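Participant: Please find model17.txt (compact mmCIF, C-alpha atoms) on the next line:
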```
# COMPACT_ATOMS: atom_id res chain seq x y z
CA MET A 257 73.34 69.43 10.40
CA ALA A 258 73.81 68.11 13.92
CA VAL A 259 72.73 71.43 15.46
CA VAL A 260 69.83 73.60 14.30
CA GLY A 261 68.60 77.00 15.36
CA TYR A 262 65.31 77.97 16.94
CA THR A 263 62.31 75.65 16.64
CA GLY A 264 59.19 76.79 18.44
CA LEU A 265 60.49 77.82 21.82
CA PRO A 266 64.11 78.95 21.59
CA TYR A 267 66.06 75.71 21.60
CA THR A 268 69.54 74.72 20.55
CA VAL A 269 68.89 71.19 19.34
CA ILE A 270 71.46 68.40 19.08
CA THR A 271 70.05 65.90 16.60
CA GLU A 272 72.83 63.29 16.31
CA PRO A 273 73.88 60.87 19.10
CA THR A 274 77.63 61.46 18.66
CA GLU A 275 80.09 63.10 21.03
CA GLN A 276 81.19 65.48 18.27
CA ALA A 277 77.63 66.69 17.78
CA VAL A 278 77.10 67.07 21.54
CA ARG A 279 80.26 69.13 21.96
CA ALA A 280 79.37 71.32 18.99
CA GLY A 281 75.85 71.85 20.31
CA ILE A 282 77.03 72.86 23.79
CA THR A 283 79.57 75.25 22.27
CA GLN A 284 76.85 76.89 20.17
CA TRP A 285 74.46 77.06 23.10
CA LEU A 286 77.08 78.73 25.32
CA ALA A 287 77.92 81.28 22.63
CA ASP A 288 74.36 82.64 22.60
CA ARG A 289 74.04 84.38 25.96
CA TYR A 290 72.84 87.61 27.49
CA GLY A 291 75.36 88.02 30.30
CA PRO A 292 74.97 84.88 32.45
CA PHE A 293 71.62 83.96 30.83
CA PRO A 294 71.56 81.48 27.92
CA ARG A 295 69.11 82.65 25.26
CA THR A 296 68.06 79.09 24.42
CA ARG A 297 67.32 75.80 26.07
CA LEU A 298 69.64 72.95 25.14
CA MET A 299 67.90 69.85 23.81
CA PHE A 300 69.44 66.46 23.28
CA GLY A 301 66.95 65.93 20.48
CA PHE A 302 67.80 62.36 19.55
CA SER A 303 66.58 58.90 20.47
CA GLY A 304 69.46 56.57 21.26
CA ALA A 305 72.63 56.41 23.34
CA VAL A 306 75.63 58.70 22.94
CA LYS A 307 78.97 57.68 24.44
CA LEU A 308 80.66 60.64 26.12
CA THR A 309 84.25 61.02 27.31
CA THR A 310 84.37 64.82 27.70
CA PRO A 311 82.48 66.46 30.61
CA LEU A 312 79.30 68.13 29.42
CA LEU A 313 79.85 71.50 31.14
CA PRO A 314 83.12 73.30 30.32
CA ALA A 315 85.01 74.67 33.30
CA ASN A 316 85.42 78.24 31.98
CA THR A 317 81.80 79.31 31.50
CA GLY A 318 81.49 81.68 34.45
CA GLN A 319 78.18 81.69 36.29
CA LEU A 320 75.18 80.51 34.28
CA GLN A 321 71.65 81.54 35.22
CA GLY A 322 68.59 79.67 33.98
CA VAL A 323 70.28 76.63 32.40
CA TRP A 324 67.73 74.18 30.95
CA TRP A 325 68.93 70.88 29.44
CA GLU A 326 66.50 68.21 28.33
CA GLY A 327 66.20 65.06 26.26
CA LEU A 328 63.20 63.49 24.57
CA ALA A 329 62.37 61.06 27.40
CA LYS A 330 63.94 58.63 29.85
CA ARG A 331 65.29 55.56 28.02
CA SER A 332 64.88 57.42 24.73
CA THR A 333 67.75 59.88 25.17
CA ILE A 334 70.65 58.15 26.95
CA LEU A 335 73.83 59.99 27.92
CA GLN A 336 76.44 57.30 28.53
CA TRP A 337 79.38 58.53 30.58
CA ALA A 338 82.70 56.76 29.91
CA GLY A 339 85.13 59.54 30.80
CA GLN A 340 87.30 60.39 33.80
CA GLY A 341 85.89 62.45 36.66
CA PRO A 342 82.28 63.66 36.78
CA MET A 343 79.97 63.68 33.77
CA VAL A 344 78.81 67.19 34.77
CA SER A 345 81.04 69.27 37.02
CA SER A 346 79.69 72.61 38.24
CA LYS A 347 82.16 74.54 40.34
CA GLY A 348 79.74 77.23 41.43
CA GLN A 349 78.54 77.78 37.86
CA LEU A 350 74.85 76.83 38.02
CA ARG A 351 71.96 78.91 39.34
CA ASN A 352 68.29 78.23 38.52
CA PHE A 353 69.06 75.10 36.51
CA ARG A 354 66.91 72.26 35.22
CA PHE A 355 67.84 68.83 33.84
CA ALA A 356 64.96 66.84 32.38
CA ASN A 357 63.81 63.82 30.40
CA PHE A 358 66.91 61.69 29.83
CA SER A 359 68.78 58.71 31.24
CA ALA A 360 72.37 58.86 32.47
CA SER A 361 74.15 55.56 31.93
CA ALA A 362 77.52 54.58 33.41
CA GLY A 363 79.82 53.53 30.59
CA SER A 364 82.47 52.26 33.02
CA PRO A 365 82.31 50.90 36.59
CA ASN A 366 82.03 53.33 39.51
CA ALA A 367 81.38 56.38 37.35
CA ALA A 368 80.93 59.90 38.76
CA GLY A 369 77.71 61.70 37.86
CA PHE A 370 76.68 65.31 38.60
CA TYR A 371 79.24 67.07 40.81
CA PHE A 372 78.46 70.39 42.51
CA LEU A 373 81.31 72.22 44.27
CA SER A 374 80.68 75.22 46.51
CA ASN A 375 83.59 77.55 47.14
CA VAL A 376 83.99 81.15 48.28
CA GLY A 377 82.02 83.34 45.84
CA ALA A 378 81.14 80.36 43.61
CA ASP A 379 78.00 78.55 44.69
CA ASN A 380 75.32 76.42 43.04
CA GLN A 381 71.66 76.98 43.93
CA ASP A 382 68.03 76.48 42.87
CA GLY A 383 68.04 73.31 40.77
CA LEU A 384 65.62 70.68 39.49
CA PHE A 385 66.15 67.15 38.22
CA ASP A 386 62.91 66.31 36.39
CA HIS A 387 62.32 62.72 35.18
CA VAL A 388 66.02 61.87 35.01
CA GLU A 389 67.15 58.25 35.41
CA TRP A 390 70.48 56.69 36.43
CA MET A 391 71.54 53.33 34.95
CA GLY A 392 74.59 51.15 35.60
CA SER A 393 77.48 51.30 38.08
CA TRP A 394 78.19 54.69 39.73
CA ASP A 395 80.24 55.89 42.67
CA TYR A 396 77.64 58.64 43.06
CA GLY A 397 74.81 59.96 40.92
CA VAL A 398 74.69 63.46 42.43
CA GLY A 399 77.47 64.74 44.70
CA LEU A 400 77.61 67.96 46.71
CA ASN A 401 81.08 69.02 47.82
CA GLY A 402 82.45 72.12 49.47
CA SER A 403 85.62 73.81 50.62
CA VAL A 404 86.17 75.32 54.07
CA THR A 405 84.36 78.41 52.70
CA ALA A 406 81.38 76.52 51.24
CA ASN A 407 77.98 78.15 51.43
CA LEU A 408 75.15 76.99 49.17
CA ASN A 409 74.67 73.92 46.94
CA SER A 410 71.14 74.35 48.23
CA GLU A 411 67.48 74.31 47.18
CA ILE A 412 67.57 71.37 44.77
CA ALA A 413 64.46 69.35 43.88
CA PHE A 414 64.14 65.87 42.40
CA ASP A 415 60.83 65.22 40.67
CA GLY A 416 60.03 61.83 39.14
CA VAL A 417 63.65 60.66 39.22
CA ALA A 418 64.41 56.96 38.84
CA LEU A 419 67.08 54.30 39.19
CA SER A 420 67.12 51.36 36.80
CA ASN A 421 67.03 47.88 38.36
CA ASP A 422 70.75 47.40 37.59
CA ALA A 423 71.85 50.79 38.99
CA SER A 424 74.40 50.54 41.81
CA PHE A 425 76.30 53.05 43.92
CA GLY A 426 79.70 52.71 45.57
CA THR A 427 79.03 55.67 47.87
CA ALA A 428 75.43 56.81 47.29
CA TRP A 429 73.06 57.98 44.58
CA PHE A 430 72.72 61.39 46.31
CA TRP A 431 75.70 62.33 48.48
CA SER A 432 75.82 65.61 50.40
CA GLY A 433 79.01 66.59 52.23
CA MET A 434 81.72 64.80 50.28
CA THR A 435 84.78 66.10 52.19
CA PRO A 436 85.23 65.03 55.84
CA GLY A 437 86.07 67.86 58.22
CA HIS A 438 84.60 70.66 56.09
CA SER A 439 81.83 71.66 58.49
CA GLN A 440 80.77 74.51 56.19
CA GLU A 441 79.14 71.81 54.05
CA ASP A 442 76.44 71.87 56.72
CA GLN A 443 75.21 74.95 54.82
CA PHE A 444 73.91 72.58 52.13
CA LEU A 445 70.17 72.76 52.79
CA ASN A 446 66.66 72.20 51.44
CA TYR A 447 66.22 69.15 49.22
CA SER A 448 62.91 67.82 47.93
CA PHE A 449 62.30 64.32 46.56
CA ARG A 450 58.89 63.71 45.01
CA ASP A 451 57.37 60.76 43.10
CA THR A 452 60.67 58.85 43.07
CA LYS A 453 61.41 55.33 41.89
CA LEU A 454 64.63 54.40 43.69
CA GLU A 455 64.61 50.78 42.56
CA GLY A 456 68.31 50.12 42.01
CA SER A 457 70.40 47.01 42.54
CA HIS A 458 72.44 47.92 45.63
CA GLY A 459 74.10 50.76 47.48
CA ASP A 460 72.99 53.73 49.58
CA TYR A 461 70.44 56.11 48.11
CA LEU A 462 70.33 59.35 50.16
CA ARG A 463 73.47 60.04 52.19
CA PHE A 464 73.96 63.23 54.18
CA ASP A 465 77.39 63.47 55.82
CA TYR A 466 76.73 67.21 56.14
CA GLY A 467 73.68 69.29 55.31
CA GLY A 468 70.02 68.38 55.41
CA SER A 469 66.52 69.83 55.72
CA ILE A 470 64.97 67.08 53.60
CA SER A 471 61.42 66.64 52.32
CA ILE A 472 60.07 63.46 50.69
CA ASP A 473 56.54 63.49 49.28
CA GLY A 474 54.23 62.06 46.63
CA PHE A 475 54.54 58.38 45.77
CA ASN A 476 57.95 56.87 46.43
CA SER A 477 58.81 53.28 45.53
CA TRP A 478 62.12 52.28 47.11
CA LEU A 479 63.84 48.89 47.01
CA HIS A 480 67.07 47.03 46.23
CA THR A 481 66.85 44.42 43.48
CA GLY A 482 70.34 42.87 43.50
CA GLN A 483 70.19 42.68 39.69
CA SER A 484 73.69 43.94 38.92
CA ASN A 485 76.84 41.84 39.08
CA ASN A 486 76.99 41.21 42.81
CA GLY A 487 73.45 39.85 42.91
CA VAL A 488 72.67 40.96 46.49
CA PRO A 489 69.94 43.48 47.38
CA GLU A 490 71.84 45.54 49.93
CA GLY A 491 72.34 49.11 51.08
CA THR A 492 70.84 51.83 53.23
CA MET A 493 68.15 53.96 51.64
CA LEU A 494 68.48 56.92 54.03
CA ARG A 495 71.78 57.57 55.82
CA VAL A 496 72.19 60.71 57.93
CA SER A 497 75.35 61.02 59.98
CA LYS A 498 76.11 62.31 63.44
CA GLY A 499 77.77 65.61 62.59
CA PRO A 500 78.33 67.90 64.51
CA HIS A 501 75.58 69.86 62.76
CA ASN A 502 74.43 73.47 62.66
CA ASP A 503 70.98 74.57 63.78
CA SER A 504 68.04 74.04 61.37
CA VAL A 505 69.84 71.29 59.44
CA CYS A 506 68.59 68.00 60.89
CA VAL A 507 64.97 67.85 59.75
CA LEU A 508 63.64 64.96 57.65
CA SER A 509 59.97 64.78 56.71
CA ALA A 510 59.11 61.63 54.73
CA ASN A 511 55.55 61.28 53.52
CA ARG A 512 54.35 58.18 51.67
CA ILE A 513 57.30 55.83 51.07
CA ARG A 514 56.61 52.25 50.04
CA ALA A 515 59.84 50.41 50.83
CA GLU A 516 60.57 46.77 49.97
CA LEU A 517 63.43 45.37 52.04
CA ARG A 518 64.28 42.30 50.01
CA SER A 519 67.21 40.91 51.98
CA ASP A 520 68.78 41.02 55.41
CA GLN A 521 71.21 43.63 54.05
CA SER A 522 68.61 46.14 52.86
CA LYS A 523 67.85 48.86 55.41
CA LEU A 524 65.51 51.84 55.28
CA ILE A 525 67.33 54.30 57.55
CA ASP A 526 70.49 54.62 59.63
CA SER A 527 70.58 57.88 61.59
CA GLY A 528 73.29 59.41 63.74
CA TRP A 529 71.53 62.75 64.19
CA GLY A 530 71.72 64.26 67.66
CA GLY A 531 69.26 66.14 69.87
CA SER A 532 68.49 68.81 67.27
CA GLY A 533 67.28 66.16 64.82
CA HIS A 534 63.65 65.53 63.89
CA ILE A 535 62.64 62.59 61.68
CA THR A 536 59.01 62.01 60.75
CA PHE A 537 57.64 59.13 58.68
CA THR A 538 54.00 59.49 57.62
CA ALA A 539 52.17 56.69 55.78
CA LEU A 540 55.34 54.60 55.50
CA ASP A 541 54.72 50.99 54.46
CA ASP A 542 57.56 48.43 54.51
CA THR A 543 55.34 45.33 54.83
CA ALA A 544 55.34 44.29 51.15
CA ASN A 545 54.90 40.58 50.38
CA SER A 546 58.49 40.32 49.19
CA TYR A 547 59.62 41.32 52.67
CA ALA A 548 60.64 38.54 55.07
CA SER A 549 61.58 38.34 58.74
CA TRP A 550 65.34 38.83 58.94
CA GLY A 551 66.33 37.65 62.41
CA ASN A 552 67.98 40.44 64.36
CA PHE A 553 68.87 42.62 61.39
CA GLU A 554 67.60 46.14 61.93
CA THR A 555 65.54 47.79 59.22
CA ALA A 556 65.90 51.12 61.05
CA SER A 557 68.81 52.15 63.28
CA TYR A 558 68.96 55.29 65.43
CA ARG A 559 72.28 56.17 67.05
CA GLY A 560 71.78 59.66 68.53
CA ALA A 561 69.33 61.73 70.52
CA ALA A 562 67.09 62.73 67.60
CA ARG A 563 63.31 62.68 67.92
CA VAL A 564 61.58 60.22 65.60
CA SER A 565 57.87 59.78 64.79
CA TYR A 566 56.07 57.09 62.83
CA ARG A 567 52.52 58.21 62.01
CA ASP A 568 49.80 56.18 60.27
CA SER A 569 52.37 53.64 59.12
CA ALA A 570 52.52 49.90 58.45
CA LEU A 571 55.80 48.54 59.81
CA GLY A 572 57.89 45.41 59.50
CA GLY A 573 61.24 44.26 60.80
CA TRP A 574 63.23 45.60 63.75
CA HIS A 575 63.81 49.17 64.90
CA GLY A 576 66.95 49.64 66.98
CA VAL A 577 67.93 52.50 69.28
CA HIS A 578 71.53 52.87 70.45
CA GLY A 579 73.62 55.24 72.51
CA THR A 580 73.86 56.79 75.96
CA ASN A 581 71.65 59.71 74.89
CA PRO A 582 69.12 57.65 72.97
CA THR A 583 66.71 58.63 70.29
CA GLN A 584 63.09 59.05 71.34
CA VAL A 585 60.84 57.15 68.94
CA VAL A 586 57.06 57.61 68.99
CA TYR A 587 54.54 55.42 67.16
CA ASP A 588 51.19 57.06 66.43
CA ASN A 589 48.33 55.03 64.94
CA SER A 590 50.72 52.54 63.34
CA HIS A 591 50.46 48.77 63.02
CA SER A 592 52.51 45.73 62.08
CA ARG A 593 52.16 43.49 59.08
CA SER A 594 50.29 41.07 61.31
CA GLY A 595 47.80 43.67 62.48
CA ASN A 596 49.25 44.78 65.81
CA LYS A 597 48.29 48.34 66.64
CA PHE A 598 50.51 50.94 68.25
CA GLY A 599 49.29 54.23 69.57
CA ALA A 600 51.47 56.86 71.19
CA GLY A 601 53.94 54.34 72.60
CA SER A 602 57.63 55.20 72.68
CA LEU A 603 60.93 53.42 72.36
CA SER A 604 64.17 54.56 73.96
CA SER A 605 67.38 53.65 75.79
CA ASN A 606 69.20 50.88 73.97
CA PHE A 607 66.16 48.80 73.08
CA MET A 608 64.98 47.14 69.92
CA VAL A 609 61.43 46.39 68.85
CA ARG A 610 60.10 44.07 66.18
CA TYR A 611 56.96 44.75 64.20
CA ASP A 612 56.21 41.65 62.16
CA THR A 613 55.21 39.21 64.88
CA LYS A 614 51.70 37.79 65.23
CA ILE A 615 51.46 38.90 68.84
CA ALA A 616 52.06 42.28 70.39
CA PRO A 617 55.86 42.66 70.29
CA ALA A 618 57.88 42.81 73.46
CA VAL A 619 60.62 45.39 73.74
CA ALA A 620 63.80 43.54 74.61
CA ALA A 621 67.22 44.83 75.58
CA ARG A 622 70.01 44.03 73.15
```
Taking this structure as input, can you express it in the form of structure tokens?
Facilitator:
Amino acid sequence: MAVVGYTGLPYTVITEPTEQAVRAGITQWLADRYGPFPRTRLMFGFSGAVKLTTPLLPANTGQLQGVWWEGLAKRSTILQWAGQGPMVSSKGQLRNFRFANFSASAGSPNAAGFYFLSNVGADNQDGLFDHVEWMGSWDYGVGLNGSVTANLNSEIAFDGVALSNDASFGTAWFWSGMTPGHSQEDQFLNYSFRDTKLEGSHGDYLRFDYGGSISIDGFNSWLHTGQSNNGVPEGTMLRVSKGPHNDSVCVLSANRIRAELRSDQSKLIDSGWGGSGHITFTALDDTANSYASWGNFETASYRGAARVSYRDSALGGWHGVHGTNPTQVVYDNSHSRSGNKFGAGSLSSNFMVRYDTKIAPAVAAR
């Protein structure tokens, strides 16, 4: 049988890597519920790749509380998406959900991954992606969208997530605020990224057109490899746009990122946040040996009046500040790759500073 009953903890187990078995397993799992609560966890209990053309979550489930889907391990259980639209589409259906221990592989170029839509009375909230990996060519890996009445799509954590070296993204791996002009998407809040390996080929990684309140912690290895078809390590790892934004949205706390910027088209951050924005990097290091000096290309660009702090960091490349109401950037106990030390100095008003010279860098107007 492709699907068995309870084994140990209450699981619905899919044991064959076929689309027929997956659809049968999900149907059985959905049939065993107490109101909105599934009675079992759903396990993709096979080692191997299954090619899927039908979205994994049916549209007519109603709200589901406490969904738990897991595979055996990354690279062991591979869900290959070759269908139209998103692989998983939750239109306000998921609360308290967890996806764990599998790889999602794009079976066709520019695939759509996990799509969360917030609408009036139908909101997603309280989620965890635990040791999930994205492989291949995607438009987005996780997308948060909302109507003019959007509310939640909030409180989602990413623990031990990874991108394979050939993973690429047409828009971004994580994309919050997918519909321009829907300012209610600024209600999308509170995202945690911990112990991440964002080591894909090219494309943006975290993109916030709306929403925010972002925490990054643990170890985080971020780079672009250029190993997919285009062969160029390029993209912006953190992109936060100018808004307008609501209060309490524009906060980014990034602790312990090791970023390798392997070409003149690989950038750590591009921020358009305004005066309500706060961005803090603690123990950032982008001075890896693979890094090189890239002329006037900026590794960090700030285009609004946000307040930015670099604390106890090792810095390379150029930081650029732009705009008539410029960002205020403070460097606290940070140094360059060549050993230059920076205390509580600041950078503002259409200037750019470089951190990988052998002498104390001069701040020069652009």
Participant: Compile the contact shell of region 532-543 of chain A as a PDB file with C-alpha atoms, in the frame of the given file: residues with an atom at most 10 Å away, counting all atoms listed in the file, same-chain residues fewer than 4 positions apart removed.
Facilitator:
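Result file is selection_2.pdb:
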```pdb
ATOM      1  CA  SER A 469      66.520  69.830  55.720  1.00  0.00           C
ATOM      2  CA  ILE A 470      64.970  67.080  53.600  1.00  0.00           C
ATOM      3  CA  SER A 471      61.420  66.640  52.320  1.00  0.00           C
ATOM      4  CA  ILE A 472      60.070  63.460  50.690  1.00  0.00           C
ATOM      5  CA  ASP A 473      56.540  63.490  49.280  1.00  0.00           C
ATOM      6  CA  ASN A 476      57.950  56.870  46.430  1.00  0.00           C
ATOM      7  CA  TRP A 478      62.120  52.280  47.110  1.00  0.00           C
ATOM      8  CA  LEU A 479      63.840  48.890  47.010  1.00  0.00           C
ATOM      9  CA  LYS A 498      76.110  62.310  63.440  1.00  0.00           C
ATOM     10  CA  HIS A 501      75.580  69.860  62.760  1.00  0.00           C
ATOM     11  CA  ASN A 502      74.430  73.470  62.660  1.00  0.00           C
ATOM     12  CA  ASP A 503      70.980  74.570  63.780  1.00  0.00           C
ATOM     13  CA  SER A 504      68.040  74.040  61.370  1.00  0.00           C
ATOM     14  CA  VAL A 505      69.840  71.290  59.440  1.00  0.00           C
ATOM     15  CA  CYS A 506      68.590  68.000  60.890  1.00  0.00           C
ATOM     16  CA  VAL A 507      64.970  67.850  59.750  1.00  0.00           C
ATOM     17  CA  LEU A 508      63.640  64.960  57.650  1.00  0.00           C
ATOM     18  CA  SER A 509      59.970  64.780  56.710  1.00  0.00           C
ATOM     19  CA  ALA A 510      59.110  61.630  54.730  1.00  0.00           C
ATOM     20  CA  ASN A 511      55.550  61.280  53.520  1.00  0.00           C
ATOM     21  CA  ARG A 512      54.350  58.180  51.670  1.00  0.00           C
ATOM     22  CA  ILE A 513      57.300  55.830  51.070  1.00  0.00           C
ATOM     23  CA  ARG A 514      56.610  52.250  50.040  1.00  0.00           C
ATOM     24  CA  ALA A 515      59.840  50.410  50.830  1.00  0.00           C
ATOM     25  CA  GLU A 516      60.570  46.770  49.970  1.00  0.00           C
ATOM     26  CA  LEU A 517      63.430  45.370  52.040  1.00  0.00           C
ATOM     27  CA  LEU A 524      65.510  51.840  55.280  1.00  0.00           C
ATOM     28  CA  SER A 527      70.580  57.880  61.590  1.00  0.00           C
ATOM     29  CA  GLY A 528      73.290  59.410  63.740  1.00  0.00           C
ATOM     30  CA  TYR A 547      59.620  41.320  52.670  1.00  0.00           C
ATOM     31  CA  ALA A 548      60.640  38.540  55.070  1.00  0.00           C
ATOM     32  CA  THR A 555      65.540  47.790  59.220  1.00  0.00           C
ATOM     33  CA  GLY A 560      71.780  59.660  68.530  1.00  0.00           C
ATOM     34  CA  ALA A 561      69.330  61.730  70.520  1.00  0.00           C
ATOM     35  CA  ALA A 562      67.090  62.730  67.600  1.00  0.00           C
ATOM     36  CA  ARG A 563      63.310  62.680  67.920  1.00  0.00           C
ATOM     37  CA  VAL A 564      61.580  60.220  65.600  1.00  0.00           C
ATOM     38  CA  SER A 565      57.870  59.780  64.790  1.00  0.00           C
ATOM     39  CA  TYR A 566      56.070  57.090  62.830  1.00  0.00           C
ATOM     40  CA  ARG A 567      52.520  58.210  62.010  1.00  0.00           C
ATOM     41  CA  ASP A 568      49.800  56.180  60.270  1.00  0.00           C
ATOM     42  CA  SER A 569      52.370  53.640  59.120  1.00  0.00           C
ATOM     43  CA  ALA A 570      52.520  49.900  58.450  1.00  0.00           C
ATOM     44  CA  LEU A 571      55.800  48.540  59.810  1.00  0.00           C
ATOM     45  CA  GLY A 572      57.890  45.410  59.500  1.00  0.00           C
ATOM     46  CA  GLY A 573      61.240  44.260  60.800  1.00  0.00           C
ATOM     47  CA  THR A 583      66.710  58.630  70.290  1.00  0.00           C
ATOM     48  CA  GLN A 584      63.090  59.050  71.340  1.00  0.00           C
ATOM     49  CA  VAL A 585      60.840  57.150  68.940  1.00  0.00           C
ATOM     50  CA  VAL A 586      57.060  57.610  68.990  1.00  0.00           C
ATOM     51  CA  TYR A 587      54.540  55.420  67.160  1.00  0.00           C
ATOM     52  CA  ASP A 588      51.190  57.060  66.430  1.00  0.00           C
ATOM     53  CA  SER A 590      50.720  52.540  63.340  1.00  0.00           C
ATOM     54  CA  HIS A 591      50.460  48.770  63.020  1.00  0.00           C
ATOM     55  CA  SER A 592      52.510  45.730  62.080  1.00  0.00           C
ATOM     56  CA  ARG A 593      52.160  43.490  59.080  1.00  0.00           C
ATOM     57  CA  SER A 594      50.290  41.070  61.310  1.00  0.00           C
ATOM     58  CA  TYR A 611      56.960  44.750  64.200  1.00  0.00           C
ATOM     59  CA  ASP A 612      56.210  41.650  62.160  1.00  0.00           C
TER      60      ASP A 612
END
```
Participant: Extract, using all atoms listed in the file, all DNA, RNA and protein residues at most 9 Å from Ser432 (chain A), discarding same-chain residues fewer than 2 positions from it, and format them as a list of chain:residue names.
Facilitator: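 The contact residues come out as A:Val398, A:Gly399, A:Leu400, A:Asn401, A:Phe430, A:Met434, A:Glu441, A:Asp442, A:Phe444, A:Leu462, A:Arg463, A:Phe464, A:Asp465, A:Tyr466, A:Gly467, A:Gly468.
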Participant: Would you compute, for all listed atoms of region 416-427 of chain A, the axis-aligned bounding box grown by 8 Å on each side, and then report its centre and edge lengths in Å rounded to one decimal, as lines of an AutoDock Vina configuration file?
Facilitator:
```
center_x = 69.9
center_y = 54.6
center_z = 42.3
size_x = 35.7
size_y = 30.4
size_z = 27.1
```
Participant: Suppose you want the space between CA of Val278 (chain A) and CA of Lys347 (chain A); what is it in Å?
Facilitator: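 A separation of 20.9 Å between them.
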Participant: One number please: CA of Ser393 (chain A) to CA of Gly339 (chain A), in Å, one decimal.
Facilitator: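 Between CA of Ser393 (chain A) and CA of Gly339 (chain A) the gap works out to 13.4 Å.
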Participant: Can you tell me how far CA of Phe370 (chain A) sits from CA of Ser420 (chain A), in Å to one decimal?
Facilitator: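 These atoms are spaced 17.0 Å apart.
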Participant: Within 6 Å of Trp325 (chain A), counting only C-alpha atoms, which residues show up once you throw out same-chain ones fewer than 2 positions away? Write them as a PyMOL selection string, please.
Facilitator: chain A and resi 298-299+355
Participant: Can you write just those residues out, C-alpha atoms, as a short mmCIF file (atom, residue, chain, number, x, y, z; two decimals), in the frame of the given file?
Facilitator:
```cif
data_model
loop_
_atom_site.label_atom_id
_atom_site.label_comp_id
_atom_site.auth_asym_id
_atom_site.auth_seq_id
_atom_site.Cartn_x
_atom_site.Cartn_y
_atom_site.Cartn_z
CA LEU A 298 69.64 72.95 25.14
CA MET A 299 67.90 69.85 23.81
CA PHE A 355 67.84 68.83 33.84
#
```
